[in-house]
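Report on the structure given below.
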Amino acid sequence: MLKRQEWLDLARKLDWSYSYVREQDVFPEEVSGRPWLPHAAWKDWDEPYRTSFSEYVTGQHEKEASITAVREAVGRIADFERHDRGWLSALKLHGATLPLAEFAAVVGNLRAARFGRDSAWRTTAALGALDELRHTQIPLEVLHELVAWDPQFDWTHRLFHTNQWVGLAARHFVDELLLTSNPIEFAIATNFVFETGFTNLQFVGLSAVAHDVGDRMFEKMVQSIQTDEARHAQIGGPVLRTLVEHDRAYAQYLVDKWFWRTWLFFAVVTGFAMDYLTPLAERKQSFREFVGEWIIEQFERTIHEYGLERPWYWAEFLKSTAHYHHLAYASAYTYRASVWFDLVLPGPDERAWLAEKYPEAWPALAPVWERITERWRDAPPGLEWYTHGVTPVGFCSLCQLILCGGTPTANSARVVEHGGRRHVFCSEPCAWIFEREPERYSEHETIVDRILAGDAPANLIELLRDYCGLNERTWGKDVRGGDYPFIERARGAASAE
Amino acid sequence: MTPSELVPLYGFVRGDVLGLLVLVRTNDTVAQLCATLQEAAQVRVAPWPRAAVLHGTRRLAPELTVADAGLTPLARVELVPEEEP
C-alpha cells in the first residue's frame with residue numbers, strides 16, 4: 001500500500017498540459033485574474049496543510065460533533081437569557097454580519113476552485129468553499145434559532161436581504177470581496193488581508209472576550225471556525241508571492257485597497273463589541289490594544305516579508321484606530337432605531353475606562369456622551385426619541401458607512417465631482433479607492449442618493465419601516481431604556497438645583 | 001423672483017461625530033442654515049449662542065441666501081462656534 005506522501009500529490013496537486021485548447025481559454029484573464037501568466041509561473045504554488053479530502057471529512061466531522069456537544073450543553077435559549085444585554089447585542093451584530101458573508105465566500109472559493117491557476121490552489125479553495133458553507137450554517141443554527149425568544153435575532157439571516165444601512169455597506173463590501181472578485185484578487189483580499197490579517201480579531205480576540213463573559217457557545221463557535229480559516233487562509237501567501245514577483249505595483253494596490261476596506265468593516269463590527277457592548281468588568285483589553293497586538297504587528301511584519309510596503313495611508317489608519325469606531329458608535333447610538341440591536345450608553349465608569357485607553361481621542365468624545373446623558377436626564381422616562389437623531393445622515397460613496405472619519409473637531413469627509421455627480425467620501429483612502437476604479441463604483445447609490453432620487457422615503461420612520469425592514473419591535477433601543485443609576489442621580493441633582 | 005428650490009447639503013457640526021444631510025431652500029439665509037444644523041445635531045452637541053457656517057475656507061455671512069452663498073446640492077458645509085464679540 002502506498003504511503004500518504006506517495007499518493008497525496010496525485011490527489012491534490014496534479015496539473016497537465018492542454019492539447020486541444022489554449023491555456024488562456026481554460027483560464028481566461030477576465031475570470032482567473034491578472035496578470036495572466038503561464039502555468040509555469042504558478043507551478044510551485046503550495047501550502048503547508050496539504051489536506052486530503054478524506055482527512056478533511058474526518059476532521060470536519062469531529063469539529064461538528066464538538067460544536068453539537070457544546071450547543072447541547074450551553075447553547076440553548078435559557079443559556080443565552082443569562083447573558084448581559086450588551087453582550088447579546090454584540091452577538092446580534094456578529095450574528096447578522098457573519099453567516100451570509102460566509103455564504104458569499106463559498107462563491108469566491110468555488111470560483112478559485114475552478115479558475116485558480118494551480119491545481120493545489122484549486123484543491124485548497126474547494127475545501128475552503130466547504131468550510132465557508134459550514135461557517136454559514138453554524139451561526140445560523142446557533143443564533144437564528146433564538147428568534148423564538150428575541151425577534152432581533154431574526155437579523156442573523158435577514159440583514160443581507162434588507163436596505164438597512166449596515167446591510168447595504170456589508171453587501172457593497174462582501175459583493176466585491178467575495179462574490180465578484182477573480183481568484184487572484186480574492187486570494188489577496190480575502191485569504192491574505194481579511195483572513196490572515198484581520199480575523200484574529202474575531203477568532204482570538206473576541207473569542208477570549210466571549211470566554212471572559214462566560215459565553216462558551218460563541219467562544220466554541222468562533223474557535224471552530226478559526227481552525228478552518230487558518231487552513232484556507234494559506235491560499236493568500238503563495239498567490240501574493242507570485243504576484244509581487246510579476247506585478248509588484250498591482251500587489252501593493254490590492255493590499256492597500258483591501259486593508260482599508262476590511263479595517264472599516266472590523267472597526268464597526270468588532271470595535272462596537274469590544275469597547276461598548278462587552279460589560280466593563282469583563283474587558284481585558286481595548287479594541288485598539290487588540291488591533292495593535294493582533295493586526296498591526298503581524299501585518300507589518302508579513303507584508304515586509306513579501307517585499308511590500310505599509311499602505312500609503314498608514315498614519316491615517318493608526319490615527320483612526322483611536323477614533324473611528326468611537327465616532328461610529330456614538331452615531332449609531334443616536335440613530336439606534338436604524339439598527340437591529342440595542343446599544344449601551346457608556347456610564348461614568350465606562351467613560352473613565354475609555355478615557356484611560358484612548359487619552360488622545362476621548363477629550364473630544366466625552367462632551368458628546370455628556371450631552372446625550374443630559375438629554376436622557378431631561379427626557380420623560382423611557383422616551384427614546386429625545387436622545388435620538390431625526391435628520392438624515394450622510395453615507396460614504398465607497399464604503400457606504402456613515403461619515404465618521406477623522407475626529408469630532410475635523411471630520412475627514414470630502415466631496416468629489418465625478419461624471420457629473422457629486423460623491424462624498426468619509427476618508428482619503430475611500431476617495432482614493434473610488435478614484436482608482438470609478439467604473440466599478442460610481443453607479444452604486446448611497447441611501448442619500450436613493451432618498452434624493454425619490455426611491456427611498458426621506459422621513460426617518462418611513463425609511464426605517466418601509467425601506468430598511470425594521471419596526472418598533474426590532475429596531476435598536478437603549479439596552480436599559482435610559483434607566484441608569486447615573487442618569488437618575490443627574491435627575492436628582494438637576495431637580496435639587 | 002425665481003422660485004426657491006430645495007438644496008440638500010452635507011453638514012458637519014464642530015464637535016459632532018458624523019456628517020448630516022440637511023435640506024434647505026435656495027432663498028433661506030445662512031443664518032437659517034446655521035439654525036437647521038444646530039437643531040440637527042442637538043442630541044449630541046449643545047447649540048452655541050453664536051455660530052458660523054464655513055464653506056471650504058469661506059466664512060459665509062449670515063444674511064446671505066443659500067443661492068447667493070454659492071451653495072449647490074451636496075456641497076460640504078461646516079458649522080463652528082463663534083466667540084461673543
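Lettering and numbering for the C-alpha cells are positional, with chains as A, B, ... in the shown order, residues counted from 1 in each chain, and ligands counted from 1 in the shown order.
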
Just the strand (DSSP E or B) stuff from chain B, please, per backbone DSSP, written as number ranges by chain. B: 6-13, 20-25, 29, 51-55, 58-60, 65, 75-81

Could you take the residues named above and write them with N, CA and C atoms, as an mmCIF file, in the first residue's frame?
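selection_33.cif was written with the following content:
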data_model
loop_
_atom_site.group_PDB
_atom_site.id
_atom_site.type_symbol
_atom_site.label_atom_id
_atom_site.label_comp_id
_atom_site.auth_asym_id
_atom_site.auth_seq_id
_atom_site.Cartn_x
_atom_site.Cartn_y
_atom_site.Cartn_z
ATOM 1 N N LEU B 6 -35.208 73.218 -3.302
ATOM 2 C CA LEU B 6 -34.573 72.511 -2.184
ATOM 3 C C LEU B 6 -33.106 72.241 -2.502
ATOM 4 N N VAL B 7 -32.278 72.435 -1.505
ATOM 5 C CA VAL B 7 -30.846 72.174 -1.668
ATOM 6 C C VAL B 7 -30.385 71.242 -0.536
ATOM 7 N N PRO B 8 -30.070 69.999 -0.840
ATOM 8 C CA PRO B 8 -29.502 69.114 0.199
ATOM 9 C C PRO B 8 -28.023 69.423 0.393
ATOM 10 N N LEU B 9 -27.605 69.520 1.622
ATOM 11 C CA LEU B 9 -26.197 69.833 1.921
ATOM 12 C C LEU B 9 -25.646 68.836 2.935
ATOM 13 N N TYR B 10 -24.379 68.535 2.798
ATOM 14 C CA TYR B 10 -23.709 67.739 3.834
ATOM 15 C C TYR B 10 -23.209 68.702 4.900
ATOM 16 N N GLY B 11 -23.722 68.530 6.112
ATOM 17 C CA GLY B 11 -23.365 69.439 7.194
ATOM 18 C C GLY B 11 -22.541 68.741 8.269
ATOM 19 N N PHE B 12 -21.490 69.429 8.699
ATOM 20 C CA PHE B 12 -20.608 68.892 9.742
ATOM 21 C C PHE B 12 -20.537 69.915 10.868
ATOM 22 N N VAL B 13 -21.049 69.529 12.010
ATOM 23 C CA VAL B 13 -21.068 70.424 13.162
ATOM 24 C C VAL B 13 -19.828 70.141 14.003
ATOM 25 N N LEU B 20 -24.156 65.113 8.506
ATOM 26 C CA LEU B 20 -25.611 65.097 8.390
ATOM 27 C C LEU B 20 -26.031 65.565 7.011
ATOM 28 N N LEU B 21 -27.235 65.187 6.634
ATOM 29 C CA LEU B 21 -27.797 65.679 5.379
ATOM 30 C C LEU B 21 -28.927 66.640 5.739
ATOM 31 N N VAL B 22 -28.721 67.919 5.489
ATOM 32 C CA VAL B 22 -29.769 68.888 5.816
ATOM 33 C C VAL B 22 -30.369 69.446 4.523
ATOM 34 N N LEU B 23 -31.651 69.687 4.598
ATOM 35 C CA LEU B 23 -32.358 70.244 3.439
ATOM 36 C C LEU B 23 -32.680 71.699 3.715
ATOM 37 N N VAL B 24 -32.229 72.565 2.838
ATOM 38 C CA VAL B 24 -32.578 73.986 2.942
ATOM 39 C C VAL B 24 -33.116 74.429 1.586
ATOM 40 N N ARG B 25 -33.549 75.678 1.517
ATOM 41 C CA ARG B 25 -34.040 76.202 0.237
ATOM 42 C C ARG B 25 -33.076 77.277 -0.251
ATOM 43 N N THR B 29 -31.689 81.892 4.393
ATOM 44 C CA THR B 29 -30.434 82.585 4.693
ATOM 45 C C THR B 29 -29.430 81.621 5.323
ATOM 46 N N ALA B 51 -22.798 81.024 16.102
ATOM 47 C CA ALA B 51 -22.099 80.045 15.274
ATOM 48 C C ALA B 51 -21.933 80.603 13.872
ATOM 49 N N ALA B 52 -20.984 80.047 13.150
ATOM 50 C CA ALA B 52 -20.743 80.480 11.772
ATOM 51 C C ALA B 52 -20.706 79.267 10.857
ATOM 52 N N VAL B 53 -21.125 79.503 9.610
ATOM 53 C CA VAL B 53 -21.086 78.439 8.609
ATOM 54 C C VAL B 53 -19.875 78.657 7.702
ATOM 55 N N LEU B 54 -19.104 77.600 7.542
ATOM 56 C CA LEU B 54 -17.941 77.649 6.644
ATOM 57 C C LEU B 54 -18.227 76.808 5.406
ATOM 58 N N HIS B 55 -17.799 77.346 4.252
ATOM 59 C CA HIS B 55 -17.851 76.565 3.016
ATOM 60 C C HIS B 55 -16.432 76.566 2.464
ATOM 61 N N ARG B 58 -14.200 79.638 3.231
ATOM 62 C CA ARG B 58 -15.000 80.873 3.324
ATOM 63 C C ARG B 58 -15.939 80.826 4.521
ATOM 64 N N ARG B 59 -15.982 81.920 5.251
ATOM 65 C CA ARG B 59 -16.965 82.085 6.317
ATOM 66 C C ARG B 59 -18.155 82.814 5.690
ATOM 67 N N LEU B 60 -19.322 82.198 5.709
ATOM 68 C CA LEU B 60 -20.470 82.766 4.995
ATOM 69 C C LEU B 60 -21.193 83.790 5.867
ATOM 70 N N THR B 65 -28.213 84.594 1.163
ATOM 71 C CA THR B 65 -29.072 83.431 0.929
ATOM 72 C C THR B 65 -28.192 82.253 0.529
ATOM 73 N N ALA B 75 -23.133 70.099 -1.442
ATOM 74 C CA ALA B 75 -21.896 70.775 -1.023
ATOM 75 C C ALA B 75 -21.634 70.442 0.446
ATOM 76 N N ARG B 76 -20.372 70.613 0.850
ATOM 77 C CA ARG B 76 -19.999 70.342 2.237
ATOM 78 C C ARG B 76 -19.907 71.659 2.982
ATOM 79 N N VAL B 77 -20.659 71.799 4.048
ATOM 80 C CA VAL B 77 -20.550 72.987 4.888
ATOM 81 C C VAL B 77 -20.220 72.554 6.310
ATOM 82 N N GLU B 78 -19.651 73.472 7.041
ATOM 83 C CA GLU B 78 -19.242 73.170 8.407
ATOM 84 C C GLU B 78 -19.787 74.233 9.341
ATOM 85 N N LEU B 79 -20.227 73.821 10.492
ATOM 86 C CA LEU B 79 -20.720 74.776 11.485
ATOM 87 C C LEU B 79 -19.733 74.827 12.643
ATOM 88 N N VAL B 80 -19.292 76.039 12.970
ATOM 89 C CA VAL B 80 -18.305 76.179 14.046
ATOM 90 C C VAL B 80 -18.797 77.223 15.040
ATOM 91 N N PRO B 81 -18.421 77.078 16.305
ATOM 92 C CA PRO B 81 -18.836 78.087 17.286
ATOM 93 C C PRO B 81 -18.099 79.397 17.044
#

Listing only residues of chain B within 6 Å of chain A, what is the closest atom pair and its distance in Å (to one decimal) for each, using only C-alpha atoms, sorted by chain and residue number ascending, as JSON lines?
{"residue": "B:Arg14", "atom": "CA", "partner": "A:Thr409", "partner_atom": "CA", "distance": 5.3}
{"residue": "B:Gly15", "atom": "CA", "partner": "A:Pro408", "partner_atom": "CA", "distance": 4.4}
{"residue": "B:Asp16", "atom": "CA", "partner": "A:Pro408", "partner_atom": "CA", "distance": 5.1}
{"residue": "B:Val17", "atom": "CA", "partner": "A:Leu327", "partner_atom": "CA", "distance": 4.9}
{"residue": "B:Leu18", "atom": "CA", "partner": "A:Cys404", "partner_atom": "CA", "distance": 4.7}
{"residue": "B:Gly19", "atom": "CA", "partner": "A:Leu403", "partner_atom": "CA", "distance": 5.1}
{"residue": "B:Leu20", "atom": "CA", "partner": "A:Val393", "partner_atom": "CA", "distance": 4.1}
{"residue": "B:Leu21", "atom": "CA", "partner": "A:Val393", "partner_atom": "CA", "distance": 5.0}
{"residue": "B:Ala40", "atom": "CA", "partner": "A:Thr391", "partner_atom": "CA", "distance": 5.7}
{"residue": "B:Val43", "atom": "CA", "partner": "A:Thr387", "partner_atom": "CA", "distance": 5.7}
{"residue": "B:Arg44", "atom": "CA", "partner": "A:Val368", "partner_atom": "CA", "distance": 5.0}

Just the selected residues (N, CA and C atoms), exported as a short mmCIF file (atom, residue, chain, number, x, y, z; two decimals), in the first residue's frame, please.
data_model
loop_
_atom_site.label_atom_id
_atom_site.label_comp_id
_atom_site.auth_asym_id
_atom_site.auth_seq_id
_atom_site.Cartn_x
_atom_site.Cartn_y
_atom_site.Cartn_z
N ARG B 14 -19.06 71.17 14.29
CA ARG B 14 -17.82 71.00 15.06
C ARG B 14 -18.13 70.32 16.40
N GLY B 15 -17.42 69.27 16.69
CA GLY B 15 -17.65 68.53 17.92
C GLY B 15 -18.58 67.35 17.75
N ASP B 16 -19.22 67.24 16.59
CA ASP B 16 -20.14 66.14 16.35
C ASP B 16 -19.37 64.94 15.79
N VAL B 17 -20.07 63.80 15.71
CA VAL B 17 -19.38 62.56 15.35
C VAL B 17 -19.67 62.08 13.94
N LEU B 18 -20.53 62.79 13.21
CA LEU B 18 -20.90 62.30 11.87
C LEU B 18 -21.33 63.46 10.98
N GLY B 19 -21.46 63.15 9.70
CA GLY B 19 -21.95 64.13 8.75
C GLY B 19 -23.45 63.98 8.57
N LEU B 20 -24.16 65.11 8.51
CA LEU B 20 -25.61 65.10 8.39
C LEU B 20 -26.03 65.57 7.01
N LEU B 21 -27.23 65.19 6.63
CA LEU B 21 -27.80 65.68 5.38
C LEU B 21 -28.93 66.64 5.74
N ALA B 40 -30.22 69.93 14.05
CA ALA B 40 -29.99 68.55 13.59
C ALA B 40 -29.01 67.80 14.49
N VAL B 43 -28.86 66.60 19.67
CA VAL B 43 -28.83 65.43 20.55
C VAL B 43 -27.41 65.18 21.05
N ARG B 44 -26.44 65.53 20.24
CA ARG B 44 -25.03 65.24 20.58
C ARG B 44 -24.22 66.48 20.90
#

Tell me, as a PyMOL selection string, which residues lie within 7 Å of range 137-151 of chain A, counting only C-alpha atoms; anything in the same chain fewer than 5 positions away does not count. chain A and resi 77+95+99+156-157+474

Next, write the just-selected residues to a file, as a PDB file, in the first residue's frame, keeping all heavy atoms as the atom set.
ATOM      1  N   ILE A  77     -31.704  28.546  24.553  1.00  0.00           N
ATOM      2  CA  ILE A  77     -32.236  29.876  24.873  1.00  0.00           C
ATOM      3  C   ILE A  77     -31.985  30.222  26.336  1.00  0.00           C
ATOM      4  O   ILE A  77     -31.567  31.336  26.665  1.00  0.00           O
ATOM      5  CB  ILE A  77     -33.738  29.944  24.526  1.00  0.00           C
ATOM      6  CG1 ILE A  77     -33.904  29.977  22.995  1.00  0.00           C
ATOM      7  CG2 ILE A  77     -34.395  31.175  25.160  1.00  0.00           C
ATOM      8  CD1 ILE A  77     -35.338  29.908  22.508  1.00  0.00           C
ATOM      9  N   GLY A  95     -23.782  38.061  14.662  1.00  0.00           N
ATOM     10  CA  GLY A  95     -24.648  37.044  14.063  1.00  0.00           C
ATOM     11  C   GLY A  95     -25.207  37.492  12.728  1.00  0.00           C
ATOM     12  O   GLY A  95     -25.370  36.691  11.804  1.00  0.00           O
ATOM     13  N   PRO A  99     -22.963  35.042   8.881  1.00  0.00           N
ATOM     14  CA  PRO A  99     -23.288  33.853   8.076  1.00  0.00           C
ATOM     15  C   PRO A  99     -23.475  34.106   6.584  1.00  0.00           C
ATOM     16  O   PRO A  99     -22.993  33.316   5.766  1.00  0.00           O
ATOM     17  CB  PRO A  99     -24.574  33.318   8.712  1.00  0.00           C
ATOM     18  CG  PRO A  99     -25.111  34.407   9.542  1.00  0.00           C
ATOM     19  CD  PRO A  99     -23.960  35.271   9.931  1.00  0.00           C
ATOM     20  N   THR A 156     -30.052  37.713  12.027  1.00  0.00           N
ATOM     21  CA  THR A 156     -28.958  36.786  11.719  1.00  0.00           C
ATOM     22  C   THR A 156     -29.059  36.339  10.261  1.00  0.00           C
ATOM     23  O   THR A 156     -28.061  36.149   9.578  1.00  0.00           O
ATOM     24  CB  THR A 156     -29.037  35.544  12.641  1.00  0.00           C
ATOM     25  OG1 THR A 156     -29.114  35.981  13.990  1.00  0.00           O
ATOM     26  CG2 THR A 156     -27.824  34.650  12.469  1.00  0.00           C
ATOM     27  N   HIS A 157     -30.275  36.167   9.805  1.00  0.00           N
ATOM     28  CA  HIS A 157     -30.480  35.783   8.414  1.00  0.00           C
ATOM     29  C   HIS A 157     -30.923  36.948   7.547  1.00  0.00           C
ATOM     30  O   HIS A 157     -30.712  36.968   6.342  1.00  0.00           O
ATOM     31  CB  HIS A 157     -31.534  34.669   8.333  1.00  0.00           C
ATOM     32  CG  HIS A 157     -31.665  34.090   6.962  1.00  0.00           C
ATOM     33  ND1 HIS A 157     -32.576  34.555   6.040  1.00  0.00           N
ATOM     34  CD2 HIS A 157     -30.959  33.111   6.347  1.00  0.00           C
ATOM     35  CE1 HIS A 157     -32.426  33.868   4.916  1.00  0.00           C
ATOM     36  NE2 HIS A 157     -31.470  33.008   5.065  1.00  0.00           N
ATOM     37  N   THR A 474     -38.286  45.461  16.510  1.00  0.00           N
ATOM     38  CA  THR A 474     -36.926  45.004  16.198  1.00  0.00           C
ATOM     39  C   THR A 474     -35.887  46.114  16.174  1.00  0.00           C
ATOM     40  O   THR A 474     -34.691  45.843  16.283  1.00  0.00           O
ATOM     41  CB  THR A 474     -36.899  44.294  14.826  1.00  0.00           C
ATOM     42  OG1 THR A 474     -37.494  45.141  13.849  1.00  0.00           O
ATOM     43  CG2 THR A 474     -37.632  42.976  14.893  1.00  0.00           C
TER      44      THR A 474
END

Set the distance at 9 Å and use only C-alpha atoms: which residues neighbour Glu219 in chain A once local chain neighbours fewer than 6 positions away are removed? I'd like the list as a ChimeraX atom specification. /A:203,206-211

Please produce a file of those selected residues containing C-alpha atoms, as a PDB file, in the first residue's frame.
ATOM      1  CA  PHE A 203     -11.252  34.323  16.386  1.00  0.00           C
ATOM      2  CA  LEU A 206     -13.397  38.199  20.541  1.00  0.00           C
ATOM      3  CA  SER A 207     -13.206  34.542  21.417  1.00  0.00           C
ATOM      4  CA  ALA A 208     -11.208  35.496  24.527  1.00  0.00           C
ATOM      5  CA  VAL A 209     -13.796  38.139  25.376  1.00  0.00           C
ATOM      6  CA  ALA A 210     -16.561  35.547  24.978  1.00  0.00           C
ATOM      7  CA  HIS A 211     -14.683  33.299  27.377  1.00  0.00           C
TER       8      HIS A 211
END

Range 476-482 of chain A: which residues within 6 Å, counting only C-alpha atoms, same-chain residues fewer than 6 positions away excluded, as a list in words?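 Near neighbours after the sequence-gap exclusion: Arg336, Ala337, Val339, Trp340, Phe341, Asp342, Leu343, Val344 and Gly382 of chain A.
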
May I have the selected residues written with N, CA and C atoms, as a compact mmCIF listing (two decimals), in the first residue's frame?
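To be explicit, this is the file written out as part-v5.txt:
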# COMPACT_ATOMS: atom_id res chain seq x y z
N ARG A 336 -30.11 54.75 16.87
CA ARG A 336 -30.20 53.32 17.18
C ARG A 336 -31.42 52.64 16.57
N ALA A 337 -32.46 53.41 16.28
CA ALA A 337 -33.62 52.78 15.63
C ALA A 337 -33.30 52.35 14.21
N VAL A 339 -30.74 50.43 13.49
CA VAL A 339 -30.05 49.13 13.52
C VAL A 339 -30.95 48.10 14.23
N TRP A 340 -30.53 46.86 14.25
CA TRP A 340 -31.37 45.76 14.74
C TRP A 340 -30.92 45.24 16.10
N PHE A 341 -30.02 45.98 16.75
CA PHE A 341 -29.57 45.55 18.07
C PHE A 341 -29.60 46.76 19.00
N ASP A 342 -29.66 46.48 20.29
CA ASP A 342 -29.74 47.56 21.27
C ASP A 342 -28.34 48.05 21.63
N LEU A 343 -28.26 49.30 22.05
CA LEU A 343 -26.95 49.88 22.34
C LEU A 343 -26.86 50.32 23.79
N VAL A 344 -25.63 50.30 24.26
CA VAL A 344 -25.34 50.64 25.66
C VAL A 344 -24.90 52.09 25.75
N GLY A 382 -38.16 56.93 29.76
CA GLY A 382 -38.34 55.94 28.69
C GLY A 382 -38.55 56.51 27.31

Can you work out which one of B:Gln38, B:Gln32, B:Ser4, B:Thr26 has the shortest atom-to-atom distance to Glu63 in chain B, counting only C-alpha atoms?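 That would be B:Gln32, the residue with the smallest distance to Glu63 in chain B.
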
Find, counting only C-alpha atoms, the residue in A:Glu176, A:Asp15, A:Glu472, A:Asp118 that gets nearest to Trp258 in chain A. A:Glu176

Interatomic distance (Å, one decimal) between CA of Asn200 in chain A and CA of Ile295 in chain A: 7.6 Å
